[in-house]
$ cat protein-v5.txt   # compact mmCIF, C-alpha atoms and all ligand atoms
# COMPACT_ATOMS: atom_id res chain seq x y z
CA MET A 251 62.57 124.36 97.19
CA LEU A 252 65.59 123.00 95.32
CA GLN A 253 67.79 126.05 95.75
CA PHE A 254 71.09 125.78 97.64
CA ILE A 255 71.10 123.36 100.47
CA SER A 256 73.94 123.24 102.99
CA MET A 257 76.74 120.69 102.89
CA GLU A 258 75.36 119.02 106.03
CA GLU A 259 71.83 118.84 104.60
CA ALA A 260 73.22 117.38 101.39
CA PHE A 261 75.04 114.61 103.30
CA GLY A 262 71.86 114.02 105.34
CA GLN A 263 69.62 113.68 102.29
CA ILE A 264 72.05 111.33 100.60
CA LYS A 265 72.17 109.21 103.75
CA GLU A 266 68.40 109.07 103.97
CA ARG A 267 67.96 108.00 100.35
CA ALA A 268 70.94 105.63 100.23
CA SER A 269 69.87 103.77 103.41
CA SER A 270 66.97 102.16 101.58
CA ARG A 271 69.23 101.08 98.69
CA ARG A 272 71.49 98.50 100.33
CA VAL A 273 73.85 96.79 97.91
CA PRO A 274 72.96 93.06 97.62
CA ALA A 275 75.13 90.51 99.42
CA SER A 276 76.31 86.95 98.85
CA GLN A 277 78.22 84.21 100.61
CA VAL A 278 81.90 84.20 99.59
CA PRO A 279 84.74 81.82 100.58
CA LEU A 280 86.90 83.42 103.25
CA GLU A 281 90.08 83.79 101.19
CA ASP A 282 88.19 85.60 98.40
CA THR A 283 86.74 88.30 100.67
CA VAL A 284 89.71 90.70 100.95
CA GLY A 285 88.53 94.16 99.88
CA CYS A 286 84.86 93.19 100.33
CA VAL A 287 82.55 94.80 102.87
CA LEU A 288 80.92 92.54 105.45
CA ALA A 289 77.11 92.50 105.11
CA GLU A 290 76.45 90.32 108.18
CA PRO A 291 78.46 90.20 111.38
CA ALA A 292 81.03 87.40 111.59
CA VAL A 293 80.40 85.17 114.62
CA ALA A 294 83.14 82.90 116.03
CA ASN A 295 82.31 79.20 115.84
CA LEU A 296 85.15 78.27 118.19
CA SER A 297 86.91 79.80 121.16
CA ILE A 298 90.53 80.77 120.61
CA PRO A 299 92.60 79.12 121.96
CA PRO A 300 90.18 76.16 121.79
CA PHE A 301 91.98 74.53 124.78
CA ASN A 302 94.63 75.66 127.29
CA ASN A 303 97.94 75.32 125.50
CA SER A 304 101.59 76.06 125.96
CA ALA A 305 103.09 79.35 124.78
CA ARG A 306 106.65 77.96 124.93
CA ASP A 307 108.78 74.90 124.41
CA GLY A 308 109.79 73.76 127.89
CA VAL A 309 108.41 71.84 130.82
CA VAL A 310 104.95 71.92 132.32
CA LEU A 311 104.81 71.71 136.12
CA SER A 312 102.07 70.89 138.64
CA ALA A 313 101.79 72.94 141.85
CA THR A 314 103.76 70.18 143.58
CA GLY A 315 106.38 70.29 140.82
CA LEU A 316 106.63 74.03 141.33
CA THR A 317 107.19 73.58 145.08
CA GLN A 318 109.95 71.07 144.30
CA ALA A 319 111.49 73.56 141.88
CA ARG A 320 111.45 76.23 144.57
CA GLY A 321 113.38 73.86 146.81
CA GLY A 322 116.03 73.60 144.10
CA SER A 323 115.62 69.84 143.58
CA PRO A 324 115.62 68.19 140.13
CA ILE A 325 112.19 67.05 138.94
CA SER A 326 111.33 63.82 137.12
CA LEU A 327 109.70 64.10 133.74
CA ALA A 328 106.58 61.96 133.34
CA GLY A 329 106.14 62.28 129.56
CA GLU A 330 106.16 64.52 126.54
CA LEU A 331 103.41 66.65 124.93
CA ARG A 332 103.54 67.85 121.33
CA ALA A 333 101.31 70.22 119.36
CA GLY A 334 98.54 68.02 117.98
CA ASP A 335 98.41 65.67 121.00
CA SER A 336 94.88 65.39 122.36
CA VAL A 337 93.70 67.05 125.56
CA GLU A 338 92.87 63.54 126.80
CA ALA A 339 96.45 62.41 126.16
CA ALA A 340 97.71 65.43 128.12
CA ASN A 341 95.39 64.68 131.03
CA GLY A 342 96.49 61.02 130.93
CA ILE A 343 100.06 61.91 131.88
CA GLU A 344 100.53 61.21 135.57
CA GLY A 345 103.20 63.19 137.37
CA ASP A 346 104.34 66.63 138.36
CA ALA A 347 106.30 67.55 135.25
CA ALA A 348 106.33 66.77 131.54
CA ARG A 349 108.25 67.99 128.53
CA ILE A 350 105.95 70.27 126.47
CA MET A 351 106.11 71.97 123.06
CA THR A 352 104.52 75.25 121.94
CA GLY A 353 100.86 74.69 121.10
CA ALA A 354 100.57 71.39 122.98
CA PRO A 355 97.57 70.97 125.32
CA ILE A 356 98.15 71.73 128.99
CA PRO A 357 97.22 68.85 131.35
CA VAL A 358 94.51 69.51 133.98
CA TRP A 359 97.05 69.09 136.76
CA ALA A 360 99.38 71.77 135.40
CA ASP A 361 100.14 75.05 137.15
CA ALA A 362 102.79 76.68 134.95
CA VAL A 363 105.17 76.18 132.05
CA VAL A 364 108.90 76.88 132.34
CA MET A 365 110.52 77.82 129.07
CA ILE A 366 113.47 75.88 127.79
CA GLU A 367 115.90 78.76 128.34
CA ASP A 368 115.19 78.54 132.10
CA LEU A 369 115.79 74.79 132.38
CA GLU A 370 118.74 72.48 132.74
CA PHE A 371 118.13 68.91 131.57
CA LYS A 372 120.14 66.29 133.49
CA SER A 373 121.52 63.09 132.01
CA ASP A 374 119.39 61.04 134.42
CA GLY A 375 116.18 62.35 132.73
CA THR A 376 115.37 64.90 135.44
CA VAL A 377 115.24 68.64 135.00
CA LEU A 378 116.44 71.55 137.10
CA VAL A 379 114.48 74.82 137.06
CA LYS A 380 116.93 77.75 136.94
CA GLN A 381 114.34 80.52 136.86
CA LEU A 382 111.10 80.01 138.81
CA PRO A 383 107.87 80.70 136.92
CA GLY A 384 104.84 82.45 138.36
CA SER A 385 101.63 80.43 138.61
CA GLY A 386 100.00 80.23 135.13
CA ALA A 387 103.21 81.23 133.34
CA TRP A 388 103.34 80.54 129.60
CA ILE A 389 99.86 78.98 129.61
CA ARG A 390 97.49 80.39 126.98
CA PRO A 391 94.05 79.97 128.57
CA GLN A 392 91.16 78.61 126.50
CA GLY A 393 89.06 81.46 125.04
CA SER A 394 91.49 84.17 126.14
CA ASP A 395 91.70 85.56 122.57
CA ILE A 396 88.21 84.91 121.16
CA ALA A 397 85.03 83.62 122.82
CA ALA A 398 82.89 81.16 120.85
CA GLY A 399 79.58 82.73 119.78
CA SER A 400 80.86 86.30 119.96
CA VAL A 401 80.66 88.81 117.10
CA ILE A 402 84.28 89.25 116.06
CA LEU A 403 83.79 91.54 113.06
CA ASN A 404 80.80 93.81 112.50
CA SER A 405 78.98 94.38 109.25
CA GLY A 406 80.33 97.37 107.36
CA ARG A 407 83.96 96.37 107.96
CA CYS A 408 86.15 96.07 104.90
CA ILE A 409 88.09 92.80 104.96
CA ILE A 410 91.90 92.96 105.02
CA PRO A 411 94.20 89.91 104.98
CA GLU A 412 94.95 90.27 108.73
CA HIS A 413 91.28 89.65 109.55
CA LEU A 414 91.53 86.17 108.05
CA GLN A 415 93.70 84.99 110.95
CA ALA A 416 90.98 85.47 113.57
CA LEU A 417 88.18 84.49 111.19
CA ALA A 418 89.81 81.25 110.01
CA SER A 419 91.04 80.20 113.45
CA SER A 420 87.57 80.60 114.88
CA GLY A 421 86.21 78.24 112.23
CA ILE A 422 84.62 80.67 109.77
CA VAL A 423 84.61 79.17 106.28
CA ASP A 424 82.84 81.91 104.36
CA LEU A 425 81.42 85.39 104.90
CA VAL A 426 78.33 87.23 103.75
CA VAL A 427 79.74 90.26 101.95
CA HIS A 428 78.22 92.96 99.78
CA ASP A 429 78.51 92.45 96.04
CA SER A 430 80.53 95.11 94.21
CA PRO A 431 78.16 98.04 93.63
CA ARG A 432 77.26 98.33 89.95
CA VAL A 433 77.92 101.83 88.69
CA GLY A 434 77.27 103.64 85.42
CA LEU A 435 79.11 106.82 84.54
CA CYS A 436 79.46 109.33 81.77
CA SER A 437 81.24 112.57 81.00
CA THR A 438 79.32 115.21 79.08
CA GLY A 439 80.61 117.99 76.85
CA GLU A 440 81.06 118.59 73.14
CA GLU A 441 84.51 120.02 73.85
CA LEU A 442 85.88 116.73 75.14
CA VAL A 443 88.25 114.37 73.36
CA ASP A 444 89.10 110.95 74.69
CA VAL A 445 92.75 110.90 75.75
CA LYS A 446 93.31 107.81 73.58
CA SER A 447 91.91 109.44 70.44
CA GLY A 448 93.55 112.88 70.66
CA PRO A 449 95.01 115.32 69.93
CA PRO A 450 92.23 117.83 70.66
CA GLY A 451 91.21 120.13 67.82
CA SER A 452 90.74 123.87 68.14
CA GLY A 453 88.57 124.65 71.19
CA GLN A 454 88.69 121.07 72.40
CA ILE A 455 90.21 119.62 75.58
CA TYR A 456 91.05 116.15 76.77
CA ASP A 457 88.42 114.41 78.90
CA SER A 458 90.08 114.03 82.30
CA ASN A 459 86.96 113.46 84.40
CA ARG A 460 86.13 110.13 82.83
CA PRO A 461 89.48 108.40 83.55
CA PHE A 462 89.37 109.96 87.02
CA MET A 463 85.80 108.85 87.80
CA THR A 464 86.45 105.37 86.44
CA ALA A 465 89.53 104.94 88.61
CA MET A 466 88.11 106.57 91.74
CA ILE A 467 84.85 104.65 91.63
CA ARG A 468 86.74 101.40 91.07
CA SER A 469 88.93 102.30 94.05
CA PHE A 470 85.70 102.44 96.10
CA GLY A 471 85.22 98.73 95.24
CA CYS A 472 82.64 99.24 92.47
CA ASP A 473 82.23 97.65 89.05
CA VAL A 474 81.88 100.35 86.39
CA VAL A 475 79.51 98.57 84.02
CA ILE A 476 78.50 101.52 81.83
CA ASN A 477 81.15 104.08 80.90
CA GLU A 478 80.32 106.58 78.16
CA HIS A 479 80.89 110.01 76.78
CA VAL A 480 77.66 111.89 76.06
CA GLY A 481 77.29 114.97 73.88
CA ASP A 482 75.51 118.15 74.98
CA THR A 483 72.01 117.34 73.76
CA LEU A 484 68.89 116.43 75.64
CA ASP A 485 68.36 113.39 73.40
CA GLU A 486 71.82 111.98 74.04
CA MET A 487 71.43 112.46 77.79
CA VAL A 488 67.99 110.83 77.79
CA GLY A 489 69.49 107.94 75.78
CA PHE A 490 72.18 107.49 78.43
CA LEU A 491 69.60 107.55 81.23
CA ASN A 492 67.51 104.90 79.48
CA ARG A 493 70.57 102.67 79.10
CA VAL A 494 71.54 102.99 82.76
CA MET A 495 67.98 102.29 83.86
CA ASP A 496 67.95 99.09 81.77
CA ALA A 497 71.19 97.94 83.38
CA SER A 498 69.82 97.79 86.97
CA LEU A 499 72.65 99.66 88.62
CA ASP A 500 73.20 100.78 92.19
CA LEU A 501 74.47 104.23 91.30
CA VAL A 502 75.05 106.53 88.32
CA VAL A 503 77.46 109.44 88.10
CA SER A 504 77.81 112.02 85.34
CA SER A 505 80.18 114.94 85.03
CA GLY A 506 79.31 118.31 83.53
CA ALA A 507 76.12 119.97 82.31
CA VAL A 508 74.55 120.77 85.68
CA SER A 509 75.25 124.50 85.78
CA MET A 510 73.33 127.42 84.28
CA GLY A 511 74.59 127.19 80.68
CA SER A 512 72.34 126.73 77.66
CA TYR A 513 73.69 123.20 77.18
CA ASP A 514 73.33 121.95 80.73
CA PHE A 515 71.04 119.07 79.88
CA VAL A 516 71.40 116.79 82.87
CA LYS A 517 68.52 118.18 84.92
CA PRO A 518 66.05 118.51 82.00
CA ALA A 519 66.94 114.96 80.91
CA LEU A 520 66.39 113.62 84.41
CA GLU A 521 63.03 115.39 84.55
CA ALA A 522 62.15 114.04 81.09
CA VAL A 523 62.59 110.43 82.24
CA GLY A 524 60.63 111.06 85.45
CA ALA A 525 63.52 111.15 87.95
CA GLU A 526 63.08 112.88 91.30
CA ILE A 527 65.54 115.73 91.81
CA VAL A 528 66.44 115.54 95.51
CA PHE A 529 68.71 118.58 95.49
CA HIS A 530 70.57 120.77 93.07
CA LYS A 531 73.27 123.18 94.28
CA VAL A 532 75.06 123.07 97.59
CA THR A 533 76.54 126.08 99.41
CA GLN A 534 80.09 124.90 98.80
CA LYS A 535 83.20 125.68 96.84
CA PRO A 536 84.20 124.00 94.61
CA GLY A 537 81.40 121.98 93.03
CA LYS A 538 78.43 124.18 93.91
CA PRO A 539 75.99 122.93 91.20
CA LEU A 540 76.08 119.33 92.54
CA LEU A 541 72.84 117.54 91.70
CA PHE A 542 71.42 114.46 93.42
CA ALA A 543 68.43 112.60 92.01
CA ILE A 544 66.64 109.26 92.17
CA LEU A 545 65.89 107.56 88.86
CA PRO A 546 62.40 106.09 88.41
CA ASN A 547 63.81 102.59 89.10
CA GLY A 548 65.28 103.78 92.43
CA THR A 549 68.91 104.07 91.31
CA LEU A 550 70.82 106.96 92.89
CA TYR A 551 72.09 109.60 90.46
CA PHE A 552 74.85 112.15 90.99
CA GLY A 553 75.30 114.97 88.49
CA LEU A 554 78.75 116.38 89.23
CA PRO A 555 79.78 119.77 87.85
CA GLY A 556 82.43 119.32 85.16
CA ASN A 557 85.37 121.35 86.44
CA PRO A 558 87.98 118.72 87.26
CA VAL A 559 88.41 119.65 90.92
CA SER A 560 84.62 119.89 91.42
CA THR A 561 84.36 116.37 90.06
CA VAL A 562 87.09 115.14 92.39
CA VAL A 563 85.59 116.76 95.50
CA ASN A 564 82.04 115.64 94.84
CA CYS A 565 83.10 112.13 93.93
CA ARG A 566 85.46 111.82 96.92
CA PHE A 567 82.90 113.13 99.43
CA TYR A 568 79.30 112.77 98.19
CA VAL A 569 79.48 109.73 95.91
CA HIS A 570 81.67 107.99 98.45
CA HIS A 571 79.22 108.89 101.23
CA ALA A 572 76.33 107.32 99.29
CA LEU A 573 78.31 104.14 98.64
CA SER A 574 79.36 103.94 102.30
CA VAL A 575 75.73 104.10 103.40
CA MET A 576 74.69 101.50 100.80
CA LEU A 577 77.47 99.22 102.08
CA GLN A 578 76.70 99.95 105.76
CA ARG A 579 80.23 101.33 106.21
CA PRO A 580 80.87 103.34 109.38
CA PRO A 581 80.86 107.12 108.84
CA GLU A 582 84.20 108.71 108.11
CA THR A 583 85.70 110.94 110.76
CA ALA A 584 88.06 113.83 110.15
CA LEU A 585 91.51 114.23 111.59
CA GLU A 586 91.70 117.51 113.53
CA LEU A 587 94.98 119.16 112.57
CA ARG A 588 96.61 122.54 113.11
CA LEU A 589 96.81 124.82 110.10
CA GLU A 590 100.24 125.86 108.91
CA ASN A 591 99.03 128.91 106.98
CA ASP A 592 96.12 131.39 106.99
CA VAL A 593 93.02 130.52 104.97
CA GLU A 594 90.43 132.98 103.64
CA THR A 595 86.97 131.53 103.01
CA PRO A 596 84.06 132.96 101.02
CA GLU A 597 81.16 134.15 103.19
CA GLY A 598 78.51 131.49 103.86
CA MET A 599 80.15 128.79 101.75
CA ALA A 600 81.56 125.45 102.84
CA VAL A 601 84.99 124.87 101.33
CA PHE A 602 87.06 121.88 100.34
CA LEU A 603 90.72 122.91 100.12
CA LYS A 604 93.45 120.91 98.44
CA ALA A 605 95.84 120.33 101.31
CA ARG A 606 98.92 118.52 102.40
CA CYS A 607 99.59 117.38 105.93
CA ILE A 608 103.23 117.35 106.81
CA ARG A 609 105.44 116.69 109.80
CA GLY A 610 106.25 120.05 111.37
CA GLN A 611 108.61 120.71 114.29
CA ASP A 612 105.74 120.38 116.80
CA GLY A 613 103.99 117.43 115.17
CA VAL A 614 101.72 117.08 112.16
CA VAL A 615 100.34 120.27 110.61
CA VAL A 616 98.24 120.81 107.52
CA ARG A 617 98.97 123.27 104.73
CA ALA A 618 96.31 124.67 102.40
CA LEU A 619 98.01 124.57 98.99
CA GLU A 620 98.34 127.31 96.40
CA GLY A 621 95.97 126.99 93.43
CA GLN A 622 92.51 126.38 94.85
CA GLU A 623 90.52 127.22 91.68
CA SER A 624 88.40 124.35 90.44
CA PHE A 625 90.22 124.06 87.11
CA GLN A 626 93.66 123.83 88.78
CA THR A 627 94.79 120.22 88.84
CA MET A 628 98.51 120.63 89.59
CA PRO A 629 97.92 120.82 93.39
CA LEU A 630 96.12 117.47 93.15
CA LEU A 631 99.57 116.00 92.50
CA GLU A 632 100.94 117.52 95.71
CA MET A 633 98.03 117.09 98.08
CA ASN A 634 97.39 114.14 100.37
CA GLY A 635 93.95 115.25 101.50
CA TRP A 636 91.35 117.97 101.96
CA ILE A 637 90.70 120.63 104.54
CA VAL A 638 86.93 120.82 104.93
CA LEU A 639 85.36 123.92 106.50
CA GLY A 640 81.63 124.34 107.09
CA GLU A 641 79.57 127.32 105.94
CA GLN A 642 79.81 128.98 109.36
CA SER A 643 83.50 128.40 109.95
CA GLY A 644 84.81 131.71 108.57
CA SER A 645 88.44 132.36 107.71
CA LYS A 646 91.13 130.49 109.64
CA ARG A 647 94.51 131.50 110.97
CA ALA A 648 97.74 129.52 111.22
CA GLY A 649 97.56 127.41 114.39
CA ASP A 650 93.77 126.96 114.25
CA LEU A 651 92.44 123.40 114.31
CA VAL A 652 90.74 122.29 111.08
CA SER A 653 89.15 119.07 109.79
CA PHE A 654 91.33 117.12 107.39
CA TYR A 655 90.27 114.12 105.29
CA PRO A 656 92.86 112.00 103.44
CA SER A 657 92.63 111.82 99.65
CA SER A 658 91.75 108.16 99.89
CA PRO A 659 88.71 107.61 102.14
CA HIS A 660 89.35 105.30 105.12
CA GLY A 661 93.09 105.53 104.39
CA LEU A 662 95.71 107.56 106.19
CA PRO A 663 97.53 110.27 104.23
CA ASP A 664 100.89 109.19 102.87
CA ILE A 665 102.99 110.76 105.64
CA PHE A 666 101.89 108.22 108.27
P1 LIG B 701 80.36 122.09 82.82
O1 LIG B 701 80.12 121.61 84.21
O2 LIG B 701 79.91 121.10 81.80
O3 LIG B 701 79.78 123.45 82.62
O4 LIG B 701 81.92 122.23 82.65
C1 LIG B 701 82.65 123.12 83.46
C2 LIG B 701 84.09 123.18 83.03
O5 LIG B 701 84.68 121.90 83.18
C3 LIG B 701 84.29 123.54 81.58
O6 LIG B 701 85.47 124.31 81.48
C4 LIG B 701 84.49 122.20 80.91
O7 LIG B 701 85.20 122.26 79.71
C5 LIG B 701 85.23 121.45 81.95
N1 LIG B 701 84.95 120.01 81.85
C6 LIG B 701 83.73 119.47 81.79
N2 LIG B 701 83.81 118.15 81.66
C7 LIG B 701 85.12 117.84 81.66
C8 LIG B 701 85.84 116.63 81.55
N3 LIG B 701 85.20 115.47 81.43
N4 LIG B 701 87.17 116.66 81.58
C9 LIG B 701 87.80 117.86 81.70
N5 LIG B 701 87.19 119.03 81.81
C10 LIG B 701 85.86 119.04 81.78
MG MG B 702 79.66 121.13 79.77
$ encode --input "protein-v5.txt" --output "C-alpha cells" --more "lines below"
Ligand code: AMP
Ligand code: MG
Amino acid sequence: MLQFISMEEAFGQIKERASSRRVPASQVPLEDTVGCVLAEPAVANLSIPPFNNSARDGVVLSATGLTQARGGSPISLAGELRAGDSVEAANGIEGDAARIMTGAPIPVWADAVVMIEDLEFKSDGTVLVKQLPGSGAWIRPQGSDIAAGSVILNSGRCIIPEHLQALASSGIVDLVVHDSPRVGLCSTGEELVDVKSGPPGSGQIYDSNRPFMTAMIRSFGCDVVINEHVGDTLDEMVGFLNRVMDASLDLVVSSGAVSMGSYDFVKPALEAVGAEIVFHKVTQKPGKPLLFAILPNGTLYFGLPGNPVSTVVNCRFYVHHALSVMLQRPPETALELRLENDVETPEGMAVFLKARCIRGQDGVVVRALEGQESFQTMPLLEMNGWIVLGEQSGSKRAGDLVSFYPSSPHGLPDIF
C-alpha cells in the first residue's frame, strides 16, 4: 500500500493531513506584521476616504459658481479650507467658491474643484477660472477607495509594507497572524562533516543539506528550533524523534536515510516510535524515496532523500506545500512558458528540472539546464526556477509550453 504514489497524490495527501494542523495565531501590532501570514481576514473599520475631500490645491465651486466660470466672470471667494478642517466647518462656508487645499473636506454645496494651475487670482480677492472643470472634478468621493466593513485582505495573505497603507488608513491597529511555524530538522549520515568543523577526512563530505534546509525553511517564515546532525543508527534516529516530539513542533524535516541502503534508519525509527507512514516513494525524479509521516503527537514529518538536489526539490515543493496549507496560503500556480530546448523525460516519472527562464527574442522562454543529476549542484547557481512535468507528460520539444515555478515560492524569478 505504501509503494510509489504519484506526485499529485503526494500533494493531495499532504494537503489532507496538513489542513488539520493549522499553525496557531496571535494578535500582533500592525507595524510588526510584515512577513507574517494573516490568520483572520482584515476588515476595514472606516471608509476611505472617510469624507469627500479635495484631490488638489485650488478652488472649490458650487454649480452656480461653475456657471459663472463658464460665463468668464471672476468669482468671489467665500473662505478657505485646509486639510484637518472639519466637515462642519466646510459646510458652514456660505458662497459659491472657496479656496481649498489637498485633503480638505468638500462642502455639501460643492460641485467641482479647479486646480491652482487653472486659476488666476485677482488682486480684488476674486478668481478667474482659465480651464473649466467637469462636474465632480478633483473631488475624492467618500468610500471610493475602501468601504467600511468590507474585507480588505483575506486570510492566507502574507503582509508586505504596502498593505499597511490601506490597513492603517482604514483604522486597523493590529492583525491576527499565524505564529512562525516551529520546525525541527536534522541531516543524517556518518559521512558528513559540519562545514565549520572541516576539513573532511577520507571518505567524508561536507554536510550541505543542513545549511540549505536551515536557510530555506527560515525563508518560509519558520523558526528552526531543533537543528541537529544524526548518525546512521536506529538509536540515534529514535533519540532525535523523541526530542522533536518533546518540543511540540509544527513540522520536522530530515535529510538522508530513506532509501534502500542498510543504514536507512528513518522509516524503522519512525515505526519504532509509533508514527504513521503516510507515503514513502513518489514517482518522481529527483527525490523518489520521499517519505511523509505523522508523529504520534500529530506533528508532520518529512524524510527527504539525501542527495542535495533531491533535498532542494522536496523541500521547495512538498515541505513548502505543507507549510502553505498549515498557514492557509493560497495554492501556488505555475507560469506556463515556452521551452527553449528539447527535454527527454523518463517513462512514467514526474520530473523537476533545474531551469532558467530568460528573455528571448519573442518574449520569455525557459531553458532546461545541463546537469540534471541529483548530486549536481552547480546548476543550482544558474537556475531561477524549476520546470515541473507530470508523470504522463512525456518528452518535450523546443517551443512546447511547460510549467515553471520560481526558485523562491510566491516570488517571481529574477528576470522580472
Ligand atoms: P542517502 O539519502 O542518505 O542515501 O544519501 C544519498 C546521497 O546524498 C549520498 O551520496 C550522501 O552522501 C549524500 N548526502 C546525504 N546527506 C547529505 C548532506 N546532508 N549533505 C550532502 N550530501 C548528503
Ligand atoms: Mg545516508
$ closest_residue --input "protein-v5.txt" --among "A:Gln611, A:Pro558, A:Ala387, A:Lys646" --to "Glu594 in chain A" --atoms "all atoms listed in the file"
A:Lys646
$ closest_residue --input "protein-v5.txt" --among "A:Pro383, A:Gly334, A:Pro449, A:Gly511" --to "ligand MG 702 (chain B)" --atoms "all atoms listed in the file"
A:Gly511
$ residues_near_point --input "protein-v5.txt" --point "(64.3, 115.5, 87.3)" --cutoff "12 Å" --atoms "only C-alpha atoms" --output "PyMOL selection string"
chain A and resi 252+488+491+508+515-530+541-546+551-553
$ residues_around --input "protein-v5.txt" --residues "His428 in chain A" --least-positions-apart "3" --cutoff "10 Å" --atoms "only C-alpha atoms" --output "VMD selection string"
chain A and resid 272 to 278 283 286 to 290 405 to 406 408 425 431 576 to 578
$ write_last_selection --input "protein-v5.txt" --atoms "C-alpha atoms" --output "mmCIF file, keeping the file's coordinate frame"
data_model
loop_
_atom_site.group_PDB
_atom_site.id
_atom_site.type_symbol
_atom_site.label_atom_id
_atom_site.label_comp_id
_atom_site.auth_asym_id
_atom_site.auth_seq_id
_atom_site.Cartn_x
_atom_site.Cartn_y
_atom_site.Cartn_z
ATOM 1 C CA ARG A 272 71.490 98.500 100.330
ATOM 2 C CA VAL A 273 73.850 96.790 97.910
ATOM 3 C CA PRO A 274 72.960 93.060 97.620
ATOM 4 C CA ALA A 275 75.130 90.510 99.420
ATOM 5 C CA SER A 276 76.310 86.950 98.850
ATOM 6 C CA GLN A 277 78.220 84.210 100.610
ATOM 7 C CA VAL A 278 81.900 84.200 99.590
ATOM 8 C CA THR A 283 86.740 88.300 100.670
ATOM 9 C CA CYS A 286 84.860 93.190 100.330
ATOM 10 C CA VAL A 287 82.550 94.800 102.870
ATOM 11 C CA LEU A 288 80.920 92.540 105.450
ATOM 12 C CA ALA A 289 77.110 92.500 105.110
ATOM 13 C CA GLU A 290 76.450 90.320 108.180
ATOM 14 C CA SER A 405 78.980 94.380 109.250
ATOM 15 C CA GLY A 406 80.330 97.370 107.360
ATOM 16 C CA CYS A 408 86.150 96.070 104.900
ATOM 17 C CA LEU A 425 81.420 85.390 104.900
ATOM 18 C CA PRO A 431 78.160 98.040 93.630
ATOM 19 C CA MET A 576 74.690 101.500 100.800
ATOM 20 C CA LEU A 577 77.470 99.220 102.080
ATOM 21 C CA GLN A 578 76.700 99.950 105.760
#
$ closest_residue --input "protein-v5.txt" --among "A:Gly453, A:Pro663, A:Pro279, A:Gly471" --to "Val433 in chain A" --atoms "only C-alpha atoms"
A:Gly471
$ closest_atom_pairs --input "protein-v5.txt" --of "chain A" --to "ligand MG 702 (chain B)" --cutoff "8 Å" --atoms "only C-alpha atoms and all ligand atoms" --output "JSON lines"
{"residue": "A:Thr438", "atom": "CA", "partner": "B:MG702", "partner_atom": "MG", "distance": 6.0}
{"residue": "A:Gly439", "atom": "CA", "partner": "B:MG702", "partner_atom": "MG", "distance": 4.4}
{"residue": "A:Glu440", "atom": "CA", "partner": "B:MG702", "partner_atom": "MG", "distance": 7.2}
{"residue": "A:Glu441", "atom": "CA", "partner": "B:MG702", "partner_atom": "MG", "distance": 7.7}
{"residue": "A:Asp482", "atom": "CA", "partner": "B:MG702", "partner_atom": "MG", "distance": 7.0}
{"residue": "A:Gly506", "atom": "CA", "partner": "B:MG702", "partner_atom": "MG", "distance": 4.7}
{"residue": "A:Ala507", "atom": "CA", "partner": "B:MG702", "partner_atom": "MG", "distance": 4.5}
{"residue": "A:Val508", "atom": "CA", "partner": "B:MG702", "partner_atom": "MG", "distance": 7.8}
{"residue": "A:Gly511", "atom": "CA", "partner": "B:MG702", "partner_atom": "MG", "distance": 8.0}
{"residue": "A:Tyr513", "atom": "CA", "partner": "B:MG702", "partner_atom": "MG", "distance": 6.8}
{"residue": "A:Asp514", "atom": "CA", "partner": "B:MG702", "partner_atom": "MG", "distance": 6.5}
{"residue": "A:Gly556", "atom": "CA", "partner": "B:MG702", "partner_atom": "MG", "distance": 6.3}
$ axis_aligned_box --input "protein-v5.txt" --around "ligand LIG 701 (chain B)" --padding-each-side "8 Å" --output "AutoDock Vina command-line options"
--center_x 83.8 --center_y 119.9 --center_z 82.0 --size_x 24.0 --size_y 24.8 --size_z 20.5
$ closest_residue --input "protein-v5.txt" --among "A:Pro581, A:Gly375, A:Pro539, A:Gly399" --to "ligand LIG 701 (chain B)" --atoms "all atoms listed in the file"
A:Pro539
$ closest_residue --input "protein-v5.txt" --among "A:Val593, A:Val559, A:Ile665, A:Ala605" --to "ligand LIG 701 (chain B)" --atoms "all atoms listed in the file"
A:Val559
$ residues_around --input "protein-v5.txt" --residues "Phe490 in chain A" --least-positions-apart "6" --cutoff "12 Å" --atoms "all atoms listed in the file" --output "list in words"
Gly434, Leu435, Cys436, Ser437, Thr438, Ile476, Asn477, Glu478, His479, Val480, Gly481, Asp482, Thr483, Leu484, Asp496, Ala497, Val502, Val503, Ser504, Phe515, Val516, Ala519, Leu520 and Val523 of chain A
$ write_last_selection --input "protein-v5.txt" --atoms "C-alpha atoms" --output "PDB file, in the coordinates of the input"
ATOM      1  CA  GLY A 434      77.270 103.640  85.420  1.00  0.00           C
ATOM      2  CA  LEU A 435      79.110 106.820  84.540  1.00  0.00           C
ATOM      3  CA  CYS A 436      79.460 109.330  81.770  1.00  0.00           C
ATOM      4  CA  SER A 437      81.240 112.570  81.000  1.00  0.00           C
ATOM      5  CA  THR A 438      79.320 115.210  79.080  1.00  0.00           C
ATOM      6  CA  ILE A 476      78.500 101.520  81.830  1.00  0.00           C
ATOM      7  CA  ASN A 477      81.150 104.080  80.900  1.00  0.00           C
ATOM      8  CA  GLU A 478      80.320 106.580  78.160  1.00  0.00           C
ATOM      9  CA  HIS A 479      80.890 110.010  76.780  1.00  0.00           C
ATOM     10  CA  VAL A 480      77.660 111.890  76.060  1.00  0.00           C
ATOM     11  CA  GLY A 481      77.290 114.970  73.880  1.00  0.00           C
ATOM     12  CA  ASP A 482      75.510 118.150  74.980  1.00  0.00           C
ATOM     13  CA  THR A 483      72.010 117.340  73.760  1.00  0.00           C
ATOM     14  CA  LEU A 484      68.890 116.430  75.640  1.00  0.00           C
ATOM     15  CA  ASP A 496      67.950  99.090  81.770  1.00  0.00           C
ATOM     16  CA  ALA A 497      71.190  97.940  83.380  1.00  0.00           C
ATOM     17  CA  VAL A 502      75.050 106.530  88.320  1.00  0.00           C
ATOM     18  CA  VAL A 503      77.460 109.440  88.100  1.00  0.00           C
ATOM     19  CA  SER A 504      77.810 112.020  85.340  1.00  0.00           C
ATOM     20  CA  PHE A 515      71.040 119.070  79.880  1.00  0.00           C
ATOM     21  CA  VAL A 516      71.400 116.790  82.870  1.00  0.00           C
ATOM     22  CA  ALA A 519      66.940 114.960  80.910  1.00  0.00           C
ATOM     23  CA  LEU A 520      66.390 113.620  84.410  1.00  0.00           C
ATOM     24  CA  VAL A 523      62.590 110.430  82.240  1.00  0.00           C
TER      25      VAL A 523
END
$ closest_residue --input "protein-v5.txt" --among "A:Ile409, A:Val293, A:Val601, A:Ala340" --to "Val427 in chain A" --atoms "all atoms listed in the file"
A:Ile409
